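Chemist: Encoded as structure tokens, here's the structure I'll be asking about.
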Amino acid sequence: MSKFTGYRCSLCGTEYLPGQIKYACPKDGGNLDVELDYEGIRKKYQPEDITSRRDFSLWRYEPLLPVNPPKGESTPLHLAGWTPVFGLSTLAEKIGLNHLWLKDESRNPTASFKDRASAIVVARAQDQEAEIIVTASTGNAGAALAGMSAAIGQKAIIFAPKSAPPAKVAQLLVFGARVILVDGTYDEAFDLTIKAADAFGWYCRNTGYNPFTAEGKKTAAFEIWEWWMEIHRAWHEQGSPLENHPPLTVFVSVGDGNIISGIHKGFKDLLKLGWIRQMPRLIGVQAEGSAAISHAFHANTEEIKPVSASTLADSISVDLPRDGVRAVRAARETNGMYITVPDSEILKAIAELGQVGVFAEPAGATAYAGLAKAVANGEVKSDDPVLVLNTGSGLKDVKSAMQAVREAPIIEPTLEALKRIV
Ligand SMILES: *Cc1c(COP(=O)(O)O)cnc(C)c1O
Ligand SMILES: [Zn+2]
């Protein structure tokens with residue numbers, strides 16, 4: 001753990017020692033980047049030391065993480081990450097791409113990308129001997145914290161808006177977390193959680209506040225890196241080496257901006273270690289009605305102005321994104337960009353992904369909706385290799401899923417009734 005050397009504020013650049021501070025920069029509230037001893041890591045490890053590991057979870061990247069994996073038997077917490085990548089050639093052909101893949105984060109233990117962050121935060125809490133962890137959540141972050149905590153007997157308290165989809169609330173309750181539903185927005189639950197953590201001495205996981213969430217989310221970048229080397233090898237064997245292809249483009253749905261910032265951090269770690277030479281292009285997709293980060297990106301500023309969020313994609317419905325500045329930079333510094341999509345296109349994307357066997361919740365399908373739009377607008381070209389993330393399972397929000405499809409007919413159990421409709 002000595003590889004964890006401290007924090008640096010993403011706004012003012014002030015550096016802090018690991019034990020000096022817990023959450024955001026006291027000077028300006030800026031998000032803190034976790035700093036590692038890159039020199040030391042590079043001396044000790046080669047990429048092969050990581051890629052040859054038999055641990056098929058995010059813990060295979062332990063040498064690049066600021067926490068120790070919790071000890072003990074293999075639990076859901078020990079198995080977060082290492083999600084599969086599928087080829088999507090049918091959809092690629094449909095929208096006009098030559099190379100399209102999907103990384104399916106719904107395969108995580110609690111069925112969303114958030115398990116990556118929660119696994120690392122729970123490990124940090126154990127390092128700190130925190131008795132209780134608390135988080136505000138639109139649903140998935142809470143479900144992930146509740147699940148990862150339950151896995152190793154850690155106590156958790158979750159604040160969620162009372163409008164959270166029932167499946168997510170059910171997860172929180174079944175995992176045995178103390179659940180408090182707030183009669184207000186996610187943003188109001190967020191502020192209340194910080195006050196409560198302060199008042200009661202709880203350890204706060206809030207997204208875009210606790211610096212360790214991004215450290216968990218960066219592990220997706222490491223997995224993409226390993227997977228991309230495999231593609232590289234395959235192309236090389238086919239006589240079409242990587243040099244013949246444009247760089248990889250990654251599509252991510254964005255709410256608070258912590259996933260895209262975390263993925264960016266992962267690639268920056270790899271760049272600092274000299275293990276990659278080129279970053280993939282990171283493209284963030286927001287719902288039109290919840291697009292504060294996209295607005296800032298297109299206004300060419302880092303000033304994030306809150307919106308009054310309205311979208312059926314509850315996981316990315318945020319008035320004031322809590323990791324907006326780093327999220328703007330993630331796109332800007334990688335030659336990426338932001339795209340917004342209306343809810344109608346999100347529903348369409350749910351249906352299209354479903355037809356190739358992927359069941360996404362609205363926020364999960366948003367990245368694909370953004371990709372379809374980007375190809376139609378010419379912002380992504382047919383020979384750009386594209387990886388799109390599905391960040392959450394469709395089972396999380398069945399009500400929205402049903403809006404994406406036609407209802408099934410109900411018939412009498414007779415052949416005559418059947419003949420009338422087939
Ligand atoms: C949280 C979440 C997102 C967005 O992540 P941010 O860090 O808030 O940008 C996207 N999709 C799903 C399913 C999520 O749960
Ligand atoms: Zn600062």
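Going by the structure tokens order, chains are called A, B, ..., each with residues numbered from 1, while ligands are numbered from 1 in the order shown.
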Would you give me, as a tab-separated table, each residue of chain A having an atom within 12 Å of an atom of ligand 2, along with its shortest atom pair and that distance in Å to one decimal, using only C-alpha atoms and all ligand atoms and sorting by chain and residue number?
Modeler:
```
residue	atom	partner	partner_atom_place_in_ligand_line	distance
A:Tyr7	CA	ligand 2	1 (Zn)	10.4
A:Arg8	CA	ligand 2	1 (Zn)	7.9
A:Cys9	CA	ligand 2	1 (Zn)	4.6
A:Ser10	CA	ligand 2	1 (Zn)	6.6
A:Leu11	CA	ligand 2	1 (Zn)	5.0
A:Cys12	CA	ligand 2	1 (Zn)	4.1
A:Gly13	CA	ligand 2	1 (Zn)	6.1
A:Thr14	CA	ligand 2	1 (Zn)	5.7
A:Glu15	CA	ligand 2	1 (Zn)	8.6
A:Tyr16	CA	ligand 2	1 (Zn)	10.0
A:Ile21	CA	ligand 2	1 (Zn)	11.9
A:Tyr23	CA	ligand 2	1 (Zn)	11.3
A:Ala24	CA	ligand 2	1 (Zn)	7.9
A:Cys25	CA	ligand 2	1 (Zn)	4.6
A:Pro26	CA	ligand 2	1 (Zn)	6.7
A:Lys27	CA	ligand 2	1 (Zn)	5.1
A:Asp28	CA	ligand 2	1 (Zn)	4.7
A:Gly29	CA	ligand 2	1 (Zn)	6.2
A:Gly30	CA	ligand 2	1 (Zn)	4.9
A:Asn31	CA	ligand 2	1 (Zn)	7.6
A:Leu32	CA	ligand 2	1 (Zn)	7.9
A:Asp33	CA	ligand 2	1 (Zn)	10.6
```
Chemist: List as a VMD selection string the protein and nucleic acid residues lying within 9 Å of ligand 1, with only C-alpha atoms and all ligand atoms counted.
Modeler: chain A and resid 105 to 106 111 to 114 137 to 141 207 to 208 213 to 214 217 252 to 262 284 286 313 to 318 321 to 324 327 360 to 367 389 to 393 396
Chemist: Can you pull out every residue from region 212-322 of chain A that DSSP, working from the backbone, puts in alpha helix (DSSP H), and format the result as an MDAnalysis selection string?
Modeler: chainID A and resid 212:217 219:237 258:272 292:298
Chemist: Could you save those same residues with N, CA and C atoms as a short mmCIF file (atom, residue, chain, number, x, y, z; two decimals), in the first residue's frame?
Modeler:
```cif
data_model
loop_
_atom_site.label_atom_id
_atom_site.label_comp_id
_atom_site.auth_asym_id
_atom_site.auth_seq_id
_atom_site.Cartn_x
_atom_site.Cartn_y
_atom_site.Cartn_z
N PHE A 212 -11.90 7.73 -3.73
CA PHE A 212 -11.64 6.33 -4.05
C PHE A 212 -12.62 5.73 -5.06
N THR A 213 -13.77 6.39 -5.28
CA THR A 213 -14.69 5.83 -6.27
C THR A 213 -14.04 5.79 -7.65
N ALA A 214 -13.36 6.87 -8.01
CA ALA A 214 -12.71 6.91 -9.33
C ALA A 214 -11.60 5.86 -9.44
N GLU A 215 -10.97 5.55 -8.29
CA GLU A 215 -9.93 4.52 -8.31
C GLU A 215 -10.52 3.14 -8.61
N GLY A 216 -11.77 2.94 -8.19
CA GLY A 216 -12.44 1.69 -8.55
C GLY A 216 -12.84 1.70 -10.01
N LYS A 217 -13.37 2.83 -10.44
CA LYS A 217 -13.88 2.92 -11.81
C LYS A 217 -12.76 2.85 -12.84
N THR A 219 -10.52 0.79 -13.00
CA THR A 219 -10.17 -0.59 -13.35
C THR A 219 -10.81 -1.02 -14.67
N ALA A 220 -11.91 -0.35 -15.05
CA ALA A 220 -12.50 -0.65 -16.37
C ALA A 220 -11.51 -0.28 -17.48
N ALA A 221 -10.76 0.81 -17.26
CA ALA A 221 -9.75 1.21 -18.26
C ALA A 221 -8.67 0.14 -18.37
N PHE A 222 -8.29 -0.43 -17.23
CA PHE A 222 -7.25 -1.47 -17.26
C PHE A 222 -7.74 -2.70 -18.03
N GLU A 223 -9.01 -3.03 -17.83
CA GLU A 223 -9.58 -4.18 -18.56
C GLU A 223 -9.65 -3.88 -20.05
N ILE A 224 -10.02 -2.64 -20.38
CA ILE A 224 -10.09 -2.25 -21.80
C ILE A 224 -8.68 -2.33 -22.41
N TRP A 225 -7.71 -1.91 -21.64
CA TRP A 225 -6.30 -1.98 -22.09
C TRP A 225 -5.90 -3.43 -22.41
N GLU A 226 -6.20 -4.35 -21.52
CA GLU A 226 -5.85 -5.76 -21.75
C GLU A 226 -6.60 -6.31 -22.97
N TRP A 227 -7.89 -6.00 -23.03
CA TRP A 227 -8.72 -6.49 -24.15
C TRP A 227 -8.20 -5.91 -25.48
N TRP A 228 -7.85 -4.65 -25.45
CA TRP A 228 -7.39 -3.99 -26.69
C TRP A 228 -6.08 -4.60 -27.18
N MET A 229 -5.22 -5.04 -26.26
CA MET A 229 -3.98 -5.72 -26.67
C MET A 229 -4.30 -7.03 -27.39
N GLU A 230 -5.37 -7.70 -26.93
CA GLU A 230 -5.80 -8.94 -27.60
C GLU A 230 -6.28 -8.65 -29.02
N ILE A 231 -7.07 -7.60 -29.17
CA ILE A 231 -7.56 -7.21 -30.50
C ILE A 231 -6.36 -6.89 -31.40
N HIS A 232 -5.43 -6.13 -30.83
CA HIS A 232 -4.20 -5.76 -31.50
C HIS A 232 -3.48 -7.00 -32.06
N ARG A 233 -3.32 -8.01 -31.17
CA ARG A 233 -2.66 -9.26 -31.58
C ARG A 233 -3.43 -9.94 -32.73
N ALA A 234 -4.76 -10.00 -32.56
CA ALA A 234 -5.59 -10.67 -33.58
C ALA A 234 -5.46 -9.94 -34.92
N TRP A 235 -5.52 -8.63 -34.89
CA TRP A 235 -5.40 -7.86 -36.13
C TRP A 235 -4.03 -8.05 -36.77
N HIS A 236 -3.03 -8.11 -35.91
CA HIS A 236 -1.68 -8.31 -36.41
C HIS A 236 -1.58 -9.62 -37.17
N GLU A 237 -2.16 -10.67 -36.59
CA GLU A 237 -2.14 -11.99 -37.23
C GLU A 237 -2.90 -11.98 -38.55
N ASN A 258 -18.36 10.65 -12.88
CA ASN A 258 -17.30 9.92 -12.17
C ASN A 258 -16.82 8.70 -12.94
N ILE A 259 -17.71 8.07 -13.72
CA ILE A 259 -17.26 6.90 -14.51
C ILE A 259 -16.27 7.36 -15.58
N ILE A 260 -16.65 8.39 -16.33
CA ILE A 260 -15.76 8.82 -17.41
C ILE A 260 -14.45 9.37 -16.83
N SER A 261 -14.52 10.06 -15.68
CA SER A 261 -13.30 10.56 -15.04
C SER A 261 -12.44 9.39 -14.55
N GLY A 262 -13.09 8.38 -14.00
CA GLY A 262 -12.36 7.22 -13.50
C GLY A 262 -11.67 6.48 -14.64
N ILE A 263 -12.38 6.31 -15.74
CA ILE A 263 -11.78 5.62 -16.89
C ILE A 263 -10.60 6.44 -17.42
N HIS A 264 -10.79 7.75 -17.46
CA HIS A 264 -9.70 8.63 -17.90
C HIS A 264 -8.48 8.46 -16.96
N LYS A 265 -8.75 8.43 -15.64
CA LYS A 265 -7.66 8.25 -14.67
C LYS A 265 -6.91 6.94 -14.92
N GLY A 266 -7.66 5.89 -15.22
CA GLY A 266 -7.02 4.60 -15.48
C GLY A 266 -6.05 4.68 -16.66
N PHE A 267 -6.51 5.33 -17.72
CA PHE A 267 -5.63 5.45 -18.89
C PHE A 267 -4.46 6.39 -18.60
N LYS A 268 -4.70 7.42 -17.76
CA LYS A 268 -3.58 8.30 -17.40
C LYS A 268 -2.54 7.53 -16.57
N ASP A 269 -3.01 6.66 -15.67
CA ASP A 269 -2.07 5.81 -14.92
C ASP A 269 -1.21 4.99 -15.89
N LEU A 270 -1.87 4.38 -16.87
CA LEU A 270 -1.14 3.52 -17.82
C LEU A 270 -0.14 4.34 -18.65
N LEU A 271 -0.54 5.56 -18.98
CA LEU A 271 0.34 6.45 -19.74
C LEU A 271 1.58 6.81 -18.90
N LYS A 272 1.34 7.13 -17.62
CA LYS A 272 2.46 7.47 -16.72
C LYS A 272 3.41 6.30 -16.53
N ALA A 292 -25.66 18.85 -17.86
CA ALA A 292 -24.84 19.97 -17.40
C ALA A 292 -23.38 19.85 -17.88
N ILE A 293 -22.85 18.63 -17.92
CA ILE A 293 -21.44 18.47 -18.32
C ILE A 293 -21.28 18.72 -19.82
N SER A 294 -22.22 18.19 -20.59
CA SER A 294 -22.18 18.42 -22.03
C SER A 294 -22.28 19.93 -22.35
N HIS A 295 -23.14 20.62 -21.62
CA HIS A 295 -23.26 22.08 -21.84
C HIS A 295 -21.92 22.77 -21.62
N ALA A 296 -21.25 22.40 -20.52
CA ALA A 296 -19.96 23.03 -20.21
C ALA A 296 -18.93 22.69 -21.30
N PHE A 297 -18.93 21.43 -21.73
CA PHE A 297 -17.98 21.01 -22.76
C PHE A 297 -18.18 21.86 -24.02
N HIS A 298 -19.43 22.00 -24.44
CA HIS A 298 -19.69 22.71 -25.69
C HIS A 298 -19.56 24.23 -25.54
#
```
Chemist: Using only C-alpha atoms, find the one residue out of A:Lys195, A:Arg107, A:Lys22, A:Arg420 that sits nearest to Arg124 (chain A).
Modeler: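 Among A:Lys195, A:Arg107, A:Lys22, A:Arg420, it is A:Lys22 that comes nearest to Arg124 (chain A).
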Chemist: Just list the residues in region 30-267 of chain A DSSP gives strand (DSSP E or B) on the backbone, as a ChimeraX atom specification.
Modeler: /A:32-36,85-87,100-104,112,132-136,155-161,178-182,203-204,249-253
Chemist: Go through A:Cys204, A:Leu79, A:Pro166, A:Ala123 and flag the residue nearest Ala136 (chain A), using only C-alpha atoms for the distances.
Modeler: A:Cys204
Chemist: Using only C-alpha atoms, which residue out of A:Thr301, A:Asn68, A:Asn108, A:Ser52 lies closest to Arg329 (chain A)?
Modeler: A:Thr301
